[in-house]
file entry-v2.tsv (TSV, C-alpha atoms)
chain	number	residue	atom	x	y	z
A	1	MET	CA	18.07	-20.14	-0.96
A	2	ILE	CA	16.02	-17.55	0.88
A	3	ASP	CA	18.51	-14.86	-0.17
A	4	ARG	CA	18.11	-15.91	-3.81
A	5	PHE	CA	14.34	-15.64	-3.49
A	6	ILE	CA	14.57	-12.20	-1.91
A	7	GLU	CA	16.90	-10.99	-4.65
A	8	TYR	CA	14.45	-12.34	-7.24
A	9	ILE	CA	11.44	-10.44	-5.89
A	10	ARG	CA	13.53	-7.30	-5.43
A	11	SER	CA	15.35	-7.25	-8.78
A	12	GLU	CA	13.11	-9.15	-11.18
A	13	ARG	CA	9.67	-8.69	-9.71
A	14	ARG	CA	10.54	-5.16	-8.55
A	15	TYR	CA	8.57	-5.41	-5.33
A	16	SER	CA	8.70	-2.44	-2.99
A	17	GLU	CA	11.21	-2.55	-0.14
A	18	LEU	CA	8.37	-2.82	2.37
A	19	THR	CA	6.99	-5.88	0.57
A	20	VAL	CA	10.48	-7.39	0.33
A	21	ARG	CA	10.97	-6.95	4.09
A	22	ASN	CA	7.60	-8.57	4.79
A	23	TYR	CA	8.39	-11.54	2.53
A	24	ARG	CA	11.79	-12.05	4.14
A	25	ARG	CA	10.34	-11.91	7.63
A	26	ASP	CA	7.57	-14.38	6.77
A	27	VAL	CA	9.79	-16.90	4.99
A	28	GLU	CA	12.58	-16.73	7.57
A	29	GLY	CA	9.99	-17.06	10.33
A	30	PHE	CA	8.59	-20.20	8.74
A	31	ALA	CA	12.09	-21.62	8.18
A	32	THR	CA	13.10	-20.98	11.80
A	33	TRP	CA	9.92	-22.62	13.11
A	34	PHE	CA	10.44	-25.61	10.78
A	35	CYS	CA	14.02	-26.16	11.99
A	36	ARG	CA	12.94	-26.03	15.60
A	37	GLN	CA	10.22	-28.58	14.87
A	38	ARG	CA	12.88	-30.88	13.46
A	39	GLY	CA	14.97	-30.47	16.62
A	40	PHE	CA	17.90	-28.71	14.96
A	41	ALA	CA	20.17	-26.81	17.32
A	42	GLY	CA	20.44	-23.06	17.21
A	43	ASP	CA	17.95	-20.26	16.84
A	44	GLY	CA	18.23	-19.75	13.10
A	45	PHE	CA	17.38	-21.67	9.96
A	46	GLU	CA	20.81	-22.81	8.78
A	47	ASN	CA	19.57	-26.40	8.47
A	48	PHE	CA	16.38	-25.53	6.57
A	49	ASP	CA	15.87	-28.23	3.92
A	50	VAL	CA	13.08	-27.04	1.62
A	51	THR	CA	12.77	-30.47	-0.02
A	52	THR	CA	11.47	-32.02	3.20
A	53	VAL	CA	8.62	-29.57	3.79
A	54	SER	CA	5.14	-31.13	3.49
A	55	ALA	CA	1.65	-29.69	3.28
A	56	GLN	CA	1.04	-30.90	6.83
A	57	ASP	CA	4.05	-28.91	8.00
A	58	VAL	CA	2.49	-25.77	6.54
A	59	ARG	CA	-0.87	-26.54	8.19
A	60	ASP	CA	0.87	-27.04	11.54
A	61	TRP	CA	2.68	-23.73	11.07
A	62	VAL	CA	-0.61	-21.93	10.37
A	63	ILE	CA	-2.10	-23.36	13.57
A	64	TYR	CA	1.03	-22.39	15.50
A	65	ARG	CA	1.03	-18.81	14.20
A	66	MET	CA	-2.66	-18.24	14.81
A	67	ASP	CA	-2.46	-19.76	18.27
A	68	THR	CA	0.71	-18.07	19.57
A	69	ALA	CA	0.58	-14.74	17.72
A	70	LYS	CA	-3.23	-14.46	17.77
A	71	LEU	CA	-3.24	-13.57	14.08
A	72	GLY	CA	-6.44	-12.75	12.24
A	73	ALA	CA	-7.34	-14.46	8.99
A	74	ALA	CA	-6.24	-11.53	6.82
A	75	THR	CA	-2.76	-11.36	8.37
A	76	MET	CA	-2.37	-15.14	8.21
A	77	ASN	CA	-3.34	-15.10	4.54
A	78	ARG	CA	-0.66	-12.52	3.86
A	79	GLU	CA	1.98	-14.73	5.50
A	80	LEU	CA	0.70	-17.73	3.57
A	81	SER	CA	1.02	-15.73	0.37
A	82	SER	CA	4.71	-15.15	1.14
A	83	ILE	CA	5.33	-18.86	1.70
A	84	ARG	CA	3.33	-19.75	-1.40
A	85	SER	CA	5.45	-17.38	-3.51
A	86	PHE	CA	8.64	-18.82	-2.06
A	87	PHE	CA	7.72	-22.39	-2.93
A	88	ARG	CA	6.52	-21.37	-6.37
A	89	PHE	CA	9.99	-19.86	-6.90
A	90	LEU	CA	11.60	-23.14	-5.77
A	91	ARG	CA	9.33	-25.23	-7.97
A	92	GLN	CA	10.02	-23.13	-11.07
A	93	ARG	CA	13.73	-23.73	-10.58
A	94	GLY	CA	13.37	-27.45	-10.05
A	95	ILE	CA	14.52	-27.30	-6.44
A	96	VAL	CA	11.32	-28.88	-5.11
A	97	LYS	CA	8.83	-31.15	-6.84
A	98	GLY	CA	5.10	-30.89	-6.48
A	99	ASP	CA	3.00	-28.05	-5.14
A	100	VAL	CA	3.34	-28.17	-1.36
A	101	LEU	CA	0.69	-25.50	-0.85
A	102	GLY	CA	-1.60	-26.62	-3.67
A	103	ARG	CA	-4.30	-27.93	-1.33
A	104	ILE	CA	-3.94	-25.23	1.29
A	105	GLY	CA	-6.46	-22.51	0.64
A	106	SER	CA	-6.70	-19.06	2.11
A	107	LEU	CA	-8.54	-18.60	5.37
A	108	LYS	CA	-11.93	-16.96	5.21
A	109	ALA	CA	-11.56	-13.41	6.46
A	110	ALA	CA	-14.34	-11.15	7.63
A	111	LYS	CA	-15.20	-8.42	5.14
A	112	VAL	CA	-14.02	-5.03	6.34
A	113	LEU	CA	-15.49	-1.98	4.67
A	114	PRO	CA	-12.96	0.66	3.54
A	115	VAL	CA	-12.52	3.54	5.98
A	116	PHE	CA	-12.90	6.96	4.37
A	117	VAL	CA	-13.02	10.62	5.36
A	118	PRO	CA	-16.55	12.13	5.38
A	119	GLN	CA	-17.09	14.70	2.64
A	120	SER	CA	-17.34	17.69	4.98
A	121	ARG	CA	-14.09	16.80	6.73
A	122	MET	CA	-12.33	16.17	3.43
A	123	GLU	CA	-13.40	19.57	2.14
A	124	GLU	CA	-12.01	21.21	5.29
A	125	MET	CA	-8.72	19.34	4.89
A	126	LEU	CA	-8.42	20.40	1.24
A	127	GLU	CA	-9.09	24.03	2.20
A	128	ASN	CA	-6.30	23.83	4.77
A	129	VAL	CA	-3.98	22.28	2.19
A	130	GLU	CA	-4.83	24.98	-0.36
A	131	GLU	CA	-4.09	27.75	2.14
A	132	GLN	CA	-0.82	26.05	3.03
A	133	SER	CA	0.20	25.84	-0.62
A	134	TYR	CA	0.45	29.64	-0.82
A	135	GLU	CA	3.13	29.74	1.84
A	136	ARG	CA	6.74	30.01	0.72
A	137	GLU	CA	8.05	27.70	3.42
A	138	PHE	CA	9.43	24.44	2.05
A	139	ARG	CA	7.75	22.07	4.47
A	140	SER	CA	4.32	23.64	4.01
A	141	GLN	CA	4.61	23.32	0.25
A	142	ARG	CA	5.82	19.72	0.41
A	143	ASP	CA	3.19	18.61	2.90
A	144	SER	CA	0.39	20.12	0.83
A	145	ILE	CA	1.69	18.19	-2.19
A	146	ILE	CA	1.72	14.96	-0.16
A	147	ILE	CA	-1.94	15.30	0.83
A	148	SER	CA	-3.01	16.44	-2.63
A	149	LEU	CA	-1.31	13.54	-4.41
A	150	LEU	CA	-2.53	10.87	-1.97
A	151	TYR	CA	-6.14	12.04	-2.18
A	152	GLY	CA	-6.20	13.62	-5.64
A	153	CYS	CA	-4.65	10.60	-7.37
A	154	GLY	CA	-5.75	7.82	-5.01
A	155	ILE	CA	-2.24	6.42	-4.74
A	156	ARG	CA	-0.61	4.20	-2.13
A	157	LEU	CA	2.08	5.47	0.22
A	158	ALA	CA	4.75	3.35	-1.49
A	159	GLU	CA	3.63	4.69	-4.88
A	160	LEU	CA	3.91	8.28	-3.65
A	161	LEU	CA	7.49	7.74	-2.52
A	162	ARG	CA	8.42	6.16	-5.88
A	163	ILE	CA	7.32	9.16	-7.95
A	164	GLN	CA	10.30	10.72	-9.72
A	165	VAL	CA	10.52	14.14	-11.31
A	166	CYS	CA	10.40	12.58	-14.79
A	167	ASP	CA	7.07	10.91	-13.92
A	168	ILE	CA	5.29	14.30	-13.93
A	169	ASN	CA	4.48	15.13	-17.53
A	170	ALA	CA	1.76	16.81	-19.59
A	171	GLY	CA	-0.95	16.95	-16.95
A	172	ALA	CA	-0.45	13.41	-15.67
A	173	VAL	CA	1.72	11.38	-13.33
A	174	LYS	CA	3.15	7.95	-14.00
A	175	ILE	CA	2.60	5.61	-11.07
A	176	PHE	CA	4.51	2.39	-10.40
A	177	GLY	CA	2.21	0.11	-8.44
A	178	LYS	CA	2.37	-3.40	-7.06
A	179	GLY	CA	4.49	-5.75	-9.12
A	180	ASN	CA	5.98	-2.69	-10.84
A	181	LYS	CA	2.80	-2.28	-12.91
A	182	GLN	CA	2.55	1.16	-14.44
A	183	ARG	CA	-0.50	3.36	-14.79
A	184	ILE	CA	-1.10	6.97	-15.76
A	185	VAL	CA	-3.20	9.13	-13.45
A	186	PRO	CA	-4.38	12.61	-14.52
A	187	LEU	CA	-3.28	15.67	-12.55
A	188	LEU	CA	-5.56	18.64	-12.10
A	189	PRO	CA	-3.90	21.75	-13.62
A	190	GLU	CA	-3.95	23.49	-10.22
A	191	LEU	CA	-2.10	20.59	-8.61
A	192	GLU	CA	0.47	20.46	-11.40
A	193	ASP	CA	1.11	24.20	-10.91
A	194	ARG	CA	1.61	23.64	-7.19
A	195	ILE	CA	4.09	20.85	-7.87
A	196	MET	CA	6.09	23.21	-10.08
A	197	ARG	CA	5.95	25.86	-7.33
A	198	TYR	CA	7.15	23.33	-4.76
A	199	MET	CA	10.07	22.32	-6.98
A	200	ALA	CA	11.03	25.97	-7.47
A	201	ILE	CA	11.13	26.48	-3.69
A	202	CYS	CA	13.27	23.34	-3.38
A	203	ARG	CA	15.76	24.79	-5.85
A	204	GLU	CA	15.85	28.05	-3.90
A	205	ARG	CA	16.96	25.96	-0.92
A	206	GLY	CA	19.73	24.37	-2.97
A	207	ILE	CA	17.88	21.10	-3.61
A	208	GLU	CA	18.64	20.14	-7.18
A	209	PHE	CA	16.39	17.79	-9.12
A	210	ASN	CA	17.48	15.42	-11.87
A	211	SER	CA	14.97	13.55	-13.99
A	212	ASP	CA	15.32	10.47	-11.77
A	213	SER	CA	15.22	12.38	-8.47
A	214	PRO	CA	12.39	11.52	-6.07
A	215	LEU	CA	9.70	14.20	-6.09
A	216	ILE	CA	8.95	14.03	-2.36
A	217	VAL	CA	12.06	14.82	-0.37
A	218	GLY	CA	13.24	16.03	3.01
A	219	SER	CA	14.78	19.41	3.77
A	220	LYS	CA	18.20	18.20	2.57
A	221	GLY	CA	16.91	16.65	-0.62
A	222	LYS	CA	16.97	13.07	0.65
A	223	PRO	CA	14.04	10.69	-0.04
A	224	LEU	CA	11.34	11.02	2.59
A	225	SER	CA	10.60	8.14	4.95
A	226	ARG	CA	7.26	6.36	5.26
A	227	SER	CA	6.97	7.41	8.89
A	228	THR	CA	7.36	11.09	8.01
A	229	VAL	CA	4.57	10.89	5.43
A	230	GLN	CA	2.41	9.11	8.00
A	231	ARG	CA	3.00	11.93	10.48
A	232	VAL	CA	2.12	14.55	7.88
A	233	VAL	CA	-1.15	12.81	7.02
A	234	THR	CA	-2.08	12.27	10.65
A	235	ALA	CA	-1.47	15.93	11.48
A	236	HIS	CA	-3.65	17.16	8.61
A	237	MET	CA	-6.45	14.76	9.43
A	238	GLN	CA	-6.40	15.77	13.09
A	239	GLN	CA	-6.45	19.44	12.11
A	240	ALA	CA	-9.57	18.81	10.01
A	241	GLY	CA	-11.26	17.00	12.89
A	242	VAL	CA	-11.25	13.57	11.27
A	243	GLN	CA	-12.20	10.84	13.73
A	244	GLY	CA	-11.01	7.23	13.71
A	245	ARG	CA	-8.18	5.81	11.66
A	246	LYS	CA	-5.75	8.30	10.12
A	247	SER	CA	-3.42	7.05	7.40
A	248	PRO	CA	-2.42	7.60	3.75
A	249	HIS	CA	-4.54	4.58	2.80
A	250	VAL	CA	-7.64	6.23	4.24
A	251	LEU	CA	-7.10	9.08	1.74
A	252	ARG	CA	-6.85	6.51	-1.06
A	253	HIS	CA	-10.13	4.97	0.07
A	254	THR	CA	-11.69	8.43	0.21
A	255	PHE	CA	-10.60	9.11	-3.37
A	256	ALA	CA	-12.38	5.98	-4.61
A	257	THR	CA	-15.48	6.56	-2.49
A	258	ASP	CA	-15.85	10.15	-3.70
A	259	LEU	CA	-15.44	9.15	-7.35
A	260	LEU	CA	-18.07	6.46	-6.97
A	261	ARG	CA	-20.44	8.90	-5.29
A	262	GLU	CA	-19.99	11.26	-8.24
A	263	GLY	CA	-20.99	8.52	-10.68
A	264	VAL	CA	-17.61	7.52	-12.10
A	265	ASP	CA	-17.70	4.10	-13.75
A	266	MET	CA	-16.33	1.23	-11.67
A	267	ARG	CA	-13.90	0.16	-14.42
A	268	GLU	CA	-12.42	3.65	-14.57
A	269	ILE	CA	-11.93	3.71	-10.80
A	270	GLN	CA	-10.24	0.31	-11.06
A	271	GLU	CA	-7.84	1.69	-13.68
A	272	LEU	CA	-7.06	4.84	-11.69
A	273	MET	CA	-6.35	2.88	-8.50
A	274	GLY	CA	-4.33	0.16	-10.16
A	275	HIS	CA	-6.48	-2.70	-8.90
A	276	GLY	CA	-5.65	-5.99	-10.60
A	277	SER	CA	-9.20	-7.22	-10.10
A	278	LEU	CA	-12.54	-5.44	-10.22
A	279	ARG	CA	-13.40	-7.33	-7.03
A	280	SER	CA	-11.07	-5.04	-5.08
A	281	THR	CA	-12.80	-1.95	-6.45
A	282	GLN	CA	-16.25	-3.33	-5.71
A	283	HIS	CA	-15.60	-3.00	-1.96
A	284	TYR	CA	-16.47	0.68	-2.36
A	285	THR	CA	-19.99	-0.12	-3.55
A	286	HIS	CA	-20.73	-1.45	-0.06
A	287	THR	CA	-19.61	1.85	1.40
A	288	SER	CA	-21.89	3.80	-0.93
A	289	ILE	CA	-24.82	1.51	-0.20
A	290	GLY	CA	-24.23	2.10	3.49
A	291	GLN	CA	-24.43	5.85	2.92
A	292	LEU	CA	-27.66	5.46	0.97
A	293	GLN	CA	-29.10	3.33	3.74
A	294	ASP	CA	-28.35	6.05	6.30
A	295	VAL	CA	-30.05	8.68	4.15
A	296	TYR	CA	-33.01	6.36	3.56
A	297	ASP	CA	-33.42	5.64	7.26
A	298	LYS	CA	-33.35	9.32	8.16
A	299	ALA	CA	-35.54	10.64	5.35
A	300	HIS	CA	-38.10	7.99	4.51
A	301	PRO	CA	-41.60	9.25	5.44
A	302	HIS	CA	-42.71	5.82	6.71
A	303	LYS	CA	-39.65	4.97	8.76
call {"tool": "encode", "arguments": {"input": "entry-v2.tsv", "output": "structure tokens"}}
result
Amino acid sequence: MIDRFIEYIRSERRYSELTVRNYRRDVEGFATWFCRQRGFAGDGFENFDVTTVSAQDVRDWVIYRMDTAKLGAATMNRELSSIRSFFRFLRQRGIVKGDVLGRIGSLKAAKVLPVFVPQSRMEEMLENVEEQSYEREFRSQRDSIIISLLYGCGIRLAELLRIQVCDINAGAVKIFGKGNKQRIVPLLPELEDRIMRYMAICRERGIEFNSDSPLIVGSKGKPLSRSTVQRVVTAHMQQAGVQGRKSPHVLRHTFATDLLREGVDMREIQELMGHGSLRSTQHYTHTSIGQLQDVYDKAHPHK
């Protein structure tokens, strides 16, 4: 049954492979715990009977996970979301009756402000990237494209790796986000030119592109791994002297923060980032207010 659910979210819902792995781990983890609670032999979940799961079982599992794994509310909510999706799948197919998780709400998580790169550091990073883009070496070209797309388009790491050659067209890039939702994000002409230059260098190395080829590839033309992109981003952020967390998602947060600072409408930022709810985009208003508060505290004549 779990395999059927995983195939459903992979093939029909078109979830990313990372999301699919997370869902499988969460559901199999719950199933294994449930079987052990019932005293079934073995370490797996071969005897997992979904029709016998109750809301109290789920509550007990939440307590167990938070107690033994020391999970925070946000992580626990993510695992709950996986289990909730699994039982919704079962209910839609008539395998279970009733909504087992209907009365189990999400845990209240502390609000965490988005981490972003300060403007001066971001400018230094972009200068480094621009200088790198004039080099003829493949890796320099590719890495500059990675940074420019993550920051310049505000996309997620998984979205970057899903970009195909055919998605670059007429000054824009087609992005496939969560739940396979599509959005169109504009490309600055300079960035589009650099992408074309990068592809030309790839061809010089014998890397051939078809319309459905991934745009971001390794030296042998194979799709790039998440860990490699992470290393590229970390290296560039360290070179620019960025302190604190260093990740592709920080560049996405920086994109949104900078647009908001420049007066871009919240709805437009929501559309560019692919947020399903304006509530997600509104997190960046807190960041901007924090910046204003700092300026106010330093500059007010009656402080």
call {"tool": "residues_around", "arguments": {"input": "entry-v2.tsv", "residues": "stretch 177-190 of chain A", "least_positions_apart": "3", "cutoff": "7 Å", "atoms": "only C-alpha atoms", "output": "ChimeraX atom specification"}}
result
/A:13-15,153,159,171-174,193-194,272,274
call {"tool": "closest_residue", "arguments": {"input": "entry-v2.tsv", "among": "A:Asp57, A:Asp143, A:Glu79, A:Asn210", "to": "A:Cys166", "atoms": "all atoms listed in the file"}}
result
A:Asn210
call {"tool": "closest_residue", "arguments": {"input": "entry-v2.tsv", "among": "A:Ile104, A:Cys35, A:Ile95, A:Leu161", "to": "A:Ala55", "atoms": "only C-alpha atoms"}}
result
A:Ile104
call {"tool": "residues_around", "arguments": {"input": "entry-v2.tsv", "residues": "A:Ala73", "least_positions_apart": "5", "cutoff": "7 Å", "atoms": "all atoms listed in the file", "output": "PyMOL selection string"}}
result
chain A and resi 107-109
call {"tool": "atom_distance", "arguments": {"input": "entry-v2.tsv", "atom1": "atom CA of A:Ile163", "atom2": "atom CA of A:Ser213"}}
result
8.5 Å
call {"tool": "closest_residue", "arguments": {"input": "entry-v2.tsv", "among": "A:Thr52, A:Gln119, A:Ser211, A:Thr228", "to": "A:Phe255", "atoms": "all atoms listed in the file"}}
result
A:Gln119
call {"tool": "closest_atom_pairs", "arguments": {"input": "entry-v2.tsv", "of": "stretch 201-281 of chain A", "to": "stretch 127-136 of chain A", "cutoff": "10 Å", "atoms": "only C-alpha atoms", "output": "JSON lines"}}
result
{"residue": "A:Ile201", "atom": "CA", "partner": "A:Arg136", "partner_atom": "CA", "distance": 7.2}
{"residue": "A:His236", "atom": "CA", "partner": "A:Asn128", "partner_atom": "CA", "distance": 8.1}
{"residue": "A:Gln239", "atom": "CA", "partner": "A:Asn128", "partner_atom": "CA", "distance": 8.6}
{"residue": "A:Ala240", "atom": "CA", "partner": "A:Asn128", "partner_atom": "CA", "distance": 8.0}
call {"tool": "write_last_selection", "arguments": {"input": "entry-v2.tsv", "atoms": "C-alpha atoms", "output": "short mmCIF file (atom, residue, chain, number, x, y, z; two decimals), keeping the file's coordinate frame"}}
result
data_model
loop_
_atom_site.label_atom_id
_atom_site.label_comp_id
_atom_site.auth_asym_id
_atom_site.auth_seq_id
_atom_site.Cartn_x
_atom_site.Cartn_y
_atom_site.Cartn_z
CA ILE A 201 11.13 26.48 -3.69
CA HIS A 236 -3.65 17.16 8.61
CA GLN A 239 -6.45 19.44 12.11
CA ALA A 240 -9.57 18.81 10.01
#
call {"tool": "residues_around", "arguments": {"input": "entry-v2.tsv", "residues": "A:Glu7", "least_positions_apart": "6", "cutoff": "12 Å", "atoms": "only C-alpha atoms", "output": "list in words"}}
result
Met1, Arg13, Arg14, Tyr15, Ser16, Glu17, Val20, Arg21, Tyr23, Arg24, Phe86 and Phe89 of chain A
call {"tool": "residues_around", "arguments": {"input": "entry-v2.tsv", "residues": "stretch 247-249 of chain A", "least_positions_apart": "2", "cutoff": "7 Å", "atoms": "all atoms listed in the file", "output": "list in words"}}
result
Leu150, Arg156, Leu157, Gln230, Val233, Thr234, Arg245, Leu251, Arg252 and His253 of chain A
call {"tool": "closest_residue", "arguments": {"input": "entry-v2.tsv", "among": "A:Val50, A:Leu160, A:Leu191, A:Ile63", "to": "A:Ser144", "atoms": "all atoms listed in the file"}}
result
A:Leu191
call {"tool": "closest_residue", "arguments": {"input": "entry-v2.tsv", "among": "A:Met237, A:Met76, A:Val242, A:Val229", "to": "A:Trp61", "atoms": "all atoms listed in the file"}}
result
A:Met76
call {"tool": "closest_residue", "arguments": {"input": "entry-v2.tsv", "among": "A:Ala158, A:Leu126, A:Leu259, A:Ile83", "to": "A:Pro223", "atoms": "only C-alpha atoms"}}
result
A:Ala158
call {"tool": "atom_distance", "arguments": {"input": "entry-v2.tsv", "atom1": "atom CA of A:Lys222", "atom2": "atom CA of A:Tyr151"}}
result
23.3 Å
call {"tool": "axis_aligned_box", "arguments": {"input": "entry-v2.tsv", "around": "stretch 9-22 of chain A", "padding_each_side": "4 Å", "output": "lines of an AutoDock Vina configuration file"}}
result
center_x = 11.2
center_y = -6.4
center_z = -3.2
size_x = 16.4
size_y = 16.0
size_z = 24.0
call {"tool": "residues_near_point", "arguments": {"input": "entry-v2.tsv", "point": "(9.6, -21.2, 3.9)", "cutoff": "9 Å", "atoms": "all atoms listed in the file", "output": "ChimeraX atom specification"}}
result
/A:2,26-32,34,48,50,53,58,82-84,86-87
call {"tool": "write_last_selection", "arguments": {"input": "entry-v2.tsv", "atoms": "C-alpha atoms", "output": "PDB file, in the frame of the given file"}}
result
ATOM      1  CA  ILE A   2      16.020 -17.550   0.880  1.00  0.00           C
ATOM      2  CA  ASP A  26       7.570 -14.380   6.770  1.00  0.00           C
ATOM      3  CA  VAL A  27       9.790 -16.900   4.990  1.00  0.00           C
ATOM      4  CA  GLU A  28      12.580 -16.730   7.570  1.00  0.00           C
ATOM      5  CA  GLY A  29       9.990 -17.060  10.330  1.00  0.00           C
ATOM      6  CA  PHE A  30       8.590 -20.200   8.740  1.00  0.00           C
ATOM      7  CA  ALA A  31      12.090 -21.620   8.180  1.00  0.00           C
ATOM      8  CA  THR A  32      13.100 -20.980  11.800  1.00  0.00           C
ATOM      9  CA  PHE A  34      10.440 -25.610  10.780  1.00  0.00           C
ATOM     10  CA  PHE A  48      16.380 -25.530   6.570  1.00  0.00           C
ATOM     11  CA  VAL A  50      13.080 -27.040   1.620  1.00  0.00           C
ATOM     12  CA  VAL A  53       8.620 -29.570   3.790  1.00  0.00           C
ATOM     13  CA  VAL A  58       2.490 -25.770   6.540  1.00  0.00           C
ATOM     14  CA  SER A  82       4.710 -15.150   1.140  1.00  0.00           C
ATOM     15  CA  ILE A  83       5.330 -18.860   1.700  1.00  0.00           C
ATOM     16  CA  ARG A  84       3.330 -19.750  -1.400  1.00  0.00           C
ATOM     17  CA  PHE A  86       8.640 -18.820  -2.060  1.00  0.00           C
ATOM     18  CA  PHE A  87       7.720 -22.390  -2.930  1.00  0.00           C
TER      19      PHE A  87
END
call {"tool": "residues_around", "arguments": {"input": "entry-v2.tsv", "residues": "A:Ala200", "least_positions_apart": "3", "cutoff": "12 Å", "atoms": "all atoms listed in the file", "output": "PyMOL selection string"}}
result
chain A and resi 136-138+141-142+193-197+203-209+215
call {"tool": "atom_distance", "arguments": {"input": "entry-v2.tsv", "atom1": "atom CA of A:Ser85", "atom2": "atom CA of A:Phe45"}}
result
18.5 Å
call {"tool": "decode", "arguments": {"input": "entry-v2.tsv", "residues": "stretch 85-91 of chain A", "atoms": "all heavy atoms", "output": "PDB file, in the first residue's frame"}}
result
ATOM      1  N   SER A  85      -1.309  13.048   4.211  1.00  0.00           N
ATOM      2  CA  SER A  85      -1.463  12.795   2.772  1.00  0.00           C
ATOM      3  C   SER A  85      -1.669  11.314   2.487  1.00  0.00           C
ATOM      4  O   SER A  85      -2.467  10.939   1.618  1.00  0.00           O
ATOM      5  CB  SER A  85      -0.216  13.294   2.025  1.00  0.00           C
ATOM      6  OG  SER A  85      -0.086  14.684   2.127  1.00  0.00           O
ATOM      7  N   PHE A  86      -0.957  10.471   3.215  1.00  0.00           N
ATOM      8  CA  PHE A  86      -1.084   9.029   3.027  1.00  0.00           C
ATOM      9  C   PHE A  86      -2.501   8.561   3.343  1.00  0.00           C
ATOM     10  O   PHE A  86      -3.110   7.809   2.556  1.00  0.00           O
ATOM     11  CB  PHE A  86      -0.071   8.319   3.920  1.00  0.00           C
ATOM     12  CG  PHE A  86      -0.158   6.816   3.893  1.00  0.00           C
ATOM     13  CD1 PHE A  86      -0.027   6.114   2.707  1.00  0.00           C
ATOM     14  CD2 PHE A  86      -0.354   6.096   5.069  1.00  0.00           C
ATOM     15  CE1 PHE A  86      -0.096   4.721   2.681  1.00  0.00           C
ATOM     16  CE2 PHE A  86      -0.424   4.710   5.057  1.00  0.00           C
ATOM     17  CZ  PHE A  86      -0.301   4.019   3.862  1.00  0.00           C
ATOM     18  N   PHE A  87      -3.048   9.025   4.463  1.00  0.00           N
ATOM     19  CA  PHE A  87      -4.395   8.580   4.828  1.00  0.00           C
ATOM     20  C   PHE A  87      -5.474   9.232   3.961  1.00  0.00           C
ATOM     21  O   PHE A  87      -6.546   8.649   3.764  1.00  0.00           O
ATOM     22  CB  PHE A  87      -4.644   8.837   6.320  1.00  0.00           C
ATOM     23  CG  PHE A  87      -4.122   7.718   7.193  1.00  0.00           C
ATOM     24  CD1 PHE A  87      -2.830   7.742   7.691  1.00  0.00           C
ATOM     25  CD2 PHE A  87      -4.912   6.616   7.468  1.00  0.00           C
ATOM     26  CE1 PHE A  87      -2.341   6.703   8.458  1.00  0.00           C
ATOM     27  CE2 PHE A  87      -4.438   5.564   8.238  1.00  0.00           C
ATOM     28  CZ  PHE A  87      -3.137   5.600   8.730  1.00  0.00           C
ATOM     29  N   ARG A  88      -5.197  10.393   3.443  1.00  0.00           N
ATOM     30  CA  ARG A  88      -6.133  10.981   2.478  1.00  0.00           C
ATOM     31  C   ARG A  88      -6.174  10.115   1.225  1.00  0.00           C
ATOM     32  O   ARG A  88      -7.251   9.872   0.655  1.00  0.00           O
ATOM     33  CB  ARG A  88      -5.708  12.397   2.127  1.00  0.00           C
ATOM     34  CG  ARG A  88      -6.707  13.120   1.208  1.00  0.00           C
ATOM     35  CD  ARG A  88      -6.199  14.490   0.780  1.00  0.00           C
ATOM     36  NE  ARG A  88      -5.862  15.311   1.926  1.00  0.00           N
ATOM     37  CZ  ARG A  88      -4.647  15.769   2.189  1.00  0.00           C
ATOM     38  NH1 ARG A  88      -3.637  15.464   1.390  1.00  0.00           N
ATOM     39  NH2 ARG A  88      -4.419  16.521   3.240  1.00  0.00           N
ATOM     40  N   PHE A  89      -5.018   9.645   0.778  1.00  0.00           N
ATOM     41  CA  PHE A  89      -4.924   8.740  -0.371  1.00  0.00           C
ATOM     42  C   PHE A  89      -5.722   7.463  -0.115  1.00  0.00           C
ATOM     43  O   PHE A  89      -6.481   6.997  -0.974  1.00  0.00           O
ATOM     44  CB  PHE A  89      -3.443   8.425  -0.619  1.00  0.00           C
ATOM     45  CG  PHE A  89      -3.180   7.290  -1.554  1.00  0.00           C
ATOM     46  CD1 PHE A  89      -3.175   7.487  -2.927  1.00  0.00           C
ATOM     47  CD2 PHE A  89      -2.909   6.008  -1.071  1.00  0.00           C
ATOM     48  CE1 PHE A  89      -2.922   6.432  -3.799  1.00  0.00           C
ATOM     49  CE2 PHE A  89      -2.656   4.948  -1.933  1.00  0.00           C
ATOM     50  CZ  PHE A  89      -2.664   5.158  -3.307  1.00  0.00           C
ATOM     51  N   LEU A  90      -5.583   6.894   1.078  1.00  0.00           N
ATOM     52  CA  LEU A  90      -6.310   5.670   1.431  1.00  0.00           C
ATOM     53  C   LEU A  90      -7.817   5.909   1.483  1.00  0.00           C
ATOM     54  O   LEU A  90      -8.614   5.069   1.035  1.00  0.00           O
ATOM     55  CB  LEU A  90      -5.825   5.150   2.786  1.00  0.00           C
ATOM     56  CG  LEU A  90      -4.351   4.743   2.886  1.00  0.00           C
ATOM     57  CD1 LEU A  90      -4.002   4.377   4.319  1.00  0.00           C
ATOM     58  CD2 LEU A  90      -4.040   3.581   1.939  1.00  0.00           C
ATOM     59  N   ARG A  91      -8.203   7.046   2.019  1.00  0.00           N
ATOM     60  CA  ARG A  91      -9.626   7.361   2.149  1.00  0.00           C
ATOM     61  C   ARG A  91     -10.271   7.571   0.777  1.00  0.00           C
ATOM     62  O   ARG A  91     -11.394   7.116   0.528  1.00  0.00           O
ATOM     63  CB  ARG A  91      -9.791   8.613   3.012  1.00  0.00           C
ATOM     64  CG  ARG A  91     -11.230   8.853   3.477  1.00  0.00           C
ATOM     65  CD  ARG A  91     -11.299   9.949   4.526  1.00  0.00           C
ATOM     66  NE  ARG A  91     -10.939  11.260   4.002  1.00  0.00           N
ATOM     67  CZ  ARG A  91      -9.810  11.898   4.288  1.00  0.00           C
ATOM     68  NH1 ARG A  91      -8.909  11.341   5.088  1.00  0.00           N
ATOM     69  NH2 ARG A  91      -9.548  13.088   3.774  1.00  0.00           N
TER      70      ARG A  91
END
